[in-house]
Amino acid sequence: MFITSLANRVFQVSEKVPLRILLVVPFVLQIFAVVGVTGWISLRNGQKAVEEVTTQLHKEITQRLEQHLNSYLKVPQIANHLNADAISLGLLNINDLPTLERYFWNQLQTFDSLGYLALGKENGDYIEVLRQNDGQFRVRVKDATTGTSRQTYALSPEGKRTKFLQSEPDYDPRLRAFYQTAVTAAGPTWTEVYLWLDNRALSTDAVRPISDRTGILQGVLNAGSSLSQISEFLQRLKIAQTGQTFIIERSGLLIATSTPEKPFLIKDGTTERLKASESRNSLTRLTARYLSQHFGNLSQINSSQQLTFNMDHRRQFVRITPLREAKAELTDASLLPDWLMVVVVPETDFQERIDANTRSTIVLCLAALVFATLSGCLTYHWITQPILRLRAAAIALSRGEWNQTVPVERSDELGVLAKAFNQMAQQLQASFVTLSVRQATLAEAQRIAHVGSGELDLTGNTITASEELLRIFDLKPRETPLHYSEYIKQIHPEDVEIATQAIAQLIQDGQPCEFDCRLHRSDGSLRYISIKGQPTLDRQGQVIRCFATVMDISDRKLAAQALQQAKLDLEIRVQERTAELSQALEQLQQSEMQLKEQAFQLQQALSELQQTQSQLIHTEKMSSLGQLVAGIAHEINNPVSFIYGNLAHAKDYTSDLFRLLHLYQSHYPLPPLSIQQEIEVIELDFLMDDFPQLLSSMQVGAERIREIVRLLRNFARYDEAQMKEVNIHEGIDSTLMILQSRLSGAAGQGGIQVIKEYGDLPLVECYAGQMNQVFMNLLTNAIDAIAQKIPVAMMASGSTNEVSREKSLRSQREVNEFVPCITIRTGLLKMSSQPDRHQSSSLIPRLYIRISDNGCGMSESLRSRIFDPFFTTKPIGAGTGLGLTTSYQIVVDHHKGTLDVASVEGQGSEFAIELPLRQNQGKQRDKS
């Protein structure tokens with residue numbers, strides 16, 4: 001009712017509004033609304049685009065920074081871990097300081113990022129080897145020979161002491177911060193950040209206490225490097241135009257920054273740490289102050305957070321990430337300092353282009369508004385001029401001025417109307433002249449039948465009626481369509497129910513209707529009419545409007561000709577309307593199909609992008625490994641080839657020398673006394689007997705090294721991008737050789753037993769380098785599974801609770817009886833005509849490769865997700881979750897094979913690979 005009354009109110013108001021406003025104002029308002037909405041949407045989209053780009057940039061910079069810090073800060077802990085293991089195994093003697101000095105110097109040669117390595121002993125002895133900024137090395141030592149002083153010597157490029165530099169009296173490493181920090185932590189940790197005076201840069205030490213087998217403290221290992229390299233890395237990062245990144249401690253002290261600013265100050269010859277909130281750089285200073293105000297205490301930050309604040313009325317996007325997550329598991333090798341990484345990017349770095357686009361959009365929209373206004377005015381003038389002329393002529397006719405004519409200058413509907421008006425004026429004039437003489441004919445003309453037509457719009461319940469329909473219903477024409485109820489009022493009260501039921505049935509069923517009724521005219525007379533209704537349906541089959549014809553059948557015989565003509569006109573209009581609706585429906589269906597196809601293409605592109613991303617990451621890693629292995633094999637091959645090639649000559653020369661020596665002995669059986677004494681000293685007989693055997697041993701060793709180089713080059717295969725026929729067994733053996741160190745030490749002293757059950761396989765057509773990647777990933781997972789099972793069993797057997805003593809003994813027996821084993825089986829499968837996922841390769845001979853282990857196994861929930869990208873059960877930093885995903889893509893997508901896994905938790909797992917022997921045959925069958 002509210003909508004009906006509102007519509008009536010609008011119609012009443014619109015009847016009083018001039019045609020000029022009705023034509024121009026709505027058109028201009030629509031354009032104005034579209035312009036406003038377009039400008040607002042453009043502005044909002046620009047802001048959202050800035051936020052999305054900034055978030056993506058933050059994540060990328062943070063990830064790169066995390067990767068660099070992890071790789072840089074793990075080196076000191078790894079060095080301490082290696083040294084502690086070497087001391088624990090007896091490979092290093094902490095009392096042999098000269099050997100430690102040489103060992104530390106060699107380690108600094110290996111780890112370029114390390115600045116120094118040191119050992120402080122519980123008895124006060126101290127040894128340290130450090131690297132200067134100019135690349136020179138120095139050694140600092142305190143032992144029984146130096147007394148209470150610590151002496152510093154320069155080292156030659158060969159690691160030997162060259163000259164004495166200085167002496168520090170009363171030096172005791174046990175009183176130093178690094179020693180006390182390690183003793184207090186009772187494990188590997190980091191010292192507080194301090195200023196390294198030798199290099200004038202900040203530094204922090206990775207320290208680790210060492211004890212003997214009884215748990216008595218023997219000393220502290222110390223390793224570290226300058227933190228200035230972190231600042232240099234931050235300065236190389238490109239963060240938009242004016243973006244910055246810096247690293248701070250939980251206390252707010254600055255560690256490193258991407259600006260040239262130093263993280264410390266020198267005042268009056270003394271140095272002090274710089275707080276980020278007191279930085280000379282305004283962006284760094286205000287960002288640090290905002291973080292302090294927002295969090296109150298920086299120690300509360302346990303995860304990465306995205307924030308926004310204003311500086312100079314401009315938004316700044318900030319992302320703060322802890323280097324060491326609160327829930328992360330810490331190990332000796334991955335222990336990281338408790339620092340915070342901050343990345344800040346001003347909105348102005350991205351907003352300038354968006355503001356320019358917004359201004360351009362607003363200018364274009366305003367131009368469109370002006371153009372639309374001018375077009376509306378011109379359209380109004382073009383439409384209303386003929387109508388105004390017709391109006392003036394019609395008013396003149398109403399006053400009895402029969403000589404009115406309208407100029408006909410157009411051929412459209414208004415032109416036809418003008419012609420009809422002129423004809424009507426001529427007919428009226430002729431009728432008026434002959435009216436008096438044709439009264440009898442006029443009476444006959446009044447009995448002529450007329451047919452009216454109208455369209456019922458169900459949204460507003462209004463009827464758009466023709467003039468004849470209004471005349472039949474005895475209604476006056478108006479500027480707006482009359483309401484449906486106005487026509488119902490004209491129907492005879494006895495026929496109102498018939499008419500309303502027929503119309504309601506038409507709307508409900510969507511079927512045409514036809515009925516007759518009577519009209520009660522204002523003069524009291526009755527007219528009989530015949531109404532036919534035709535519904536119009538939308539795409540859902542609902543009736544939205546009805547088209548009806550009304551015929552005055554009071555004198556059916558005289559109206560037959562008019563009725564026939566009305567039917568013809570009605571059929572033509574229905575056909576035209578039906579054709580238009582059919583064409584519109586077909587266009588809608590085509591648009592829907594195009595949208596579905598685009599959505600499918602977008603989904604497919606997204607899936608391909610994710611697969612390509614994961615494959616690129618793993619391929620880049622394996623390519624780097626292949627190049628490294630190939631480079632090492634090449635470098636080893638050159639000197640080994642030189643040695644191997646000269647061994648034959650050495651044997652010949654040795655034979656010649658020994659033969660010459662025999663000649664001397666035969667001709668001079670009694671040499672001088674000095675020669676006889678020298679013969680006894682060097683044991684000439686033993687030397688002549690043992691030296692050929694020594695050369696033979698060297699030849700065997702050189703041949704073994706050449707075999708290892710061949711296996712390394714066979715594994716690398718980084719230069720074989722084409723599919724070739726290769727020996728699968730050689731690829732597996734090469735991979736096992738690469739993993740030999742892990743196989744020997746992953747399960748303790750006994751190592752992991754590898755059982756090879758090779759079948760008789762022909763050469764297989766495949767990508768050799770990619771298949772080596774698959775073997776590497778599967779064998780590495782098998783070794784990790786066995787390594788995970790052994791610590792669990794050892795923890796169970798190490799229980800000291802008296803209640804579980806029997807269970808502990810049983811677990812100990814299981815540990816002793818457990819033999820870690822990896823079994824590799826290969827062979828040919830029987831021919832099968834049943835279709836598989838690659839129908840083109842179902843009839844090609846296939847081989848199988850099964851790699852099984854007796855490790856920890858996995859549950860069914862883990863097995864169902866084992867090939868998902870980025871899914872891993874390893875700790876953070878121990879794996880990317882791409883190995884098995886890439887292996888699955890290599891076997892299934894690149895080689896048209898299958899890769900399945902079967903596992904029983906606690907007993908082990910088996911990966912089964914099936915490959916066709918030939919790939920080209922499958923491609924030819926696909927083409928045929």
# chains A, B, ... in the order shown; residues from 1 in each chain; ligands from 1
>>> residues_around(residues="Ser655 (chain A)", least_positions_apart="5", cutoff="10 Å", atoms="only C-alpha atoms", output="NGL selection string")
:A and (649-650 or 660-661 or 688 or 692)
>>> write_last_selection(atoms="N, CA and C atoms", output="compact mmCIF listing (two decimals), in the first residue's frame")
# COMPACT_ATOMS: atom_id res chain seq x y z
N HIS A 649 104.04 -43.42 -14.80
CA HIS A 649 105.41 -42.94 -14.99
C HIS A 649 106.22 -43.12 -13.70
N ALA A 650 105.54 -42.86 -12.55
CA ALA A 650 106.26 -43.02 -11.28
C ALA A 650 106.71 -44.47 -11.09
N LEU A 660 118.86 -49.82 -11.31
CA LEU A 660 120.17 -49.19 -11.24
C LEU A 660 120.83 -49.48 -9.88
N LEU A 661 120.01 -49.46 -8.81
CA LEU A 661 120.54 -49.72 -7.48
C LEU A 661 121.06 -51.16 -7.38
N MET A 688 112.54 -50.79 -0.71
CA MET A 688 112.40 -51.30 -2.06
C MET A 688 111.23 -52.28 -2.18
N PRO A 692 106.76 -50.06 -4.18
CA PRO A 692 105.81 -50.43 -5.26
C PRO A 692 104.41 -50.66 -4.72
>>> select_by_dssp(residues="region 506-536 of chain A", states="helix (DSSP H, G or I)", output="MDAnalysis selection string")
chainID A and resid 506:509
>>> write_last_selection(atoms="all heavy atoms", output="short mmCIF file (atom, residue, chain, number, x, y, z; two decimals), in the first residue's frame")
data_model
loop_
_atom_site.label_atom_id
_atom_site.label_comp_id
_atom_site.auth_asym_id
_atom_site.auth_seq_id
_atom_site.Cartn_x
_atom_site.Cartn_y
_atom_site.Cartn_z
N LEU A 506 -4.84 -15.37 -15.08
CA LEU A 506 -3.81 -15.10 -16.10
C LEU A 506 -2.46 -14.82 -15.44
O LEU A 506 -1.42 -15.32 -15.87
CB LEU A 506 -4.24 -13.92 -16.96
CG LEU A 506 -3.27 -13.46 -18.07
CD1 LEU A 506 -4.06 -13.01 -19.30
CD2 LEU A 506 -2.41 -12.30 -17.59
N ILE A 507 -2.48 -14.00 -14.37
CA ILE A 507 -1.22 -13.65 -13.70
C ILE A 507 -0.63 -14.87 -12.99
O ILE A 507 0.58 -15.09 -12.99
CB ILE A 507 -1.47 -12.52 -12.69
CG1 ILE A 507 -1.90 -11.25 -13.45
CG2 ILE A 507 -0.23 -12.23 -11.87
CD1 ILE A 507 -2.32 -10.12 -12.54
N GLN A 508 -1.47 -15.72 -12.43
CA GLN A 508 -0.98 -16.88 -11.68
C GLN A 508 -0.45 -17.97 -12.60
O GLN A 508 0.63 -18.54 -12.37
CB GLN A 508 -2.12 -17.43 -10.81
CG GLN A 508 -1.70 -18.65 -9.98
CD GLN A 508 -2.84 -19.15 -9.10
OE1 GLN A 508 -3.93 -18.56 -9.08
NE2 GLN A 508 -2.60 -20.22 -8.39
N ASP A 509 -1.20 -18.31 -13.67
CA ASP A 509 -0.81 -19.42 -14.55
C ASP A 509 0.09 -18.99 -15.69
O ASP A 509 0.76 -19.82 -16.29
CB ASP A 509 -2.06 -20.10 -15.11
CG ASP A 509 -2.94 -20.68 -14.01
OD1 ASP A 509 -2.41 -20.92 -12.91
OD2 ASP A 509 -4.15 -20.90 -14.26
#
>>> atom_distance(atom1="CA of Gln907 (chain A)", atom2="CA of Gly855 (chain A)")
6.2 Å
>>> residues_around(residues="Leu298 (chain A)", least_positions_apart="2", cutoff="9 Å", atoms="only C-alpha atoms", output="short mmCIF file (atom, residue, chain, number, x, y, z; two decimals) with N, CA, C and O atoms, in the first residue's frame")
data_model
loop_
_atom_site.label_atom_id
_atom_site.label_comp_id
_atom_site.auth_asym_id
_atom_site.auth_seq_id
_atom_site.Cartn_x
_atom_site.Cartn_y
_atom_site.Cartn_z
N GLU A 249 66.04 -4.25 19.49
CA GLU A 249 65.86 -5.17 20.60
C GLU A 249 64.52 -4.89 21.29
O GLU A 249 63.86 -3.89 21.01
N ARG A 250 64.13 -5.81 22.18
CA ARG A 250 62.88 -5.60 22.92
C ARG A 250 62.95 -4.33 23.76
O ARG A 250 61.91 -3.72 24.06
N SER A 251 64.15 -3.90 24.12
CA SER A 251 64.31 -2.68 24.90
C SER A 251 64.21 -1.43 24.05
O SER A 251 64.18 -0.33 24.59
N GLY A 252 64.13 -1.56 22.73
CA GLY A 252 64.03 -0.41 21.84
C GLY A 252 65.36 0.05 21.29
O GLY A 252 65.41 0.98 20.47
N LEU A 291 55.18 2.56 17.95
CA LEU A 291 55.15 1.18 18.44
C LEU A 291 55.16 1.14 19.96
O LEU A 291 54.45 0.33 20.58
N SER A 292 55.95 2.01 20.58
CA SER A 292 55.99 2.04 22.04
C SER A 292 54.65 2.47 22.62
O SER A 292 54.17 1.92 23.62
N PHE A 295 51.92 -0.56 21.80
CA PHE A 295 52.06 -1.80 22.56
C PHE A 295 52.38 -1.56 24.04
O PHE A 295 52.17 -2.46 24.87
N GLY A 296 52.88 -0.37 24.37
CA GLY A 296 53.28 -0.14 25.75
C GLY A 296 54.61 -0.79 26.07
O GLY A 296 55.58 -0.13 26.42
N GLN A 300 55.61 -7.64 24.56
CA GLN A 300 54.32 -8.28 24.35
C GLN A 300 54.13 -8.73 22.91
O GLN A 300 53.12 -9.38 22.60
N ILE A 301 55.02 -8.38 22.02
CA ILE A 301 54.88 -8.73 20.60
C ILE A 301 55.39 -10.15 20.42
O ILE A 301 56.59 -10.42 20.55
N LEU A 340 63.42 -7.71 17.02
CA LEU A 340 62.20 -7.35 16.28
C LEU A 340 62.58 -6.70 14.95
O LEU A 340 63.45 -5.82 14.91
#
>>> closest_residue(among="A:Ser88, A:Thr259, A:Gln316, A:Thr321", to="Ser279 (chain A)", atoms="only C-alpha atoms")
A:Thr259
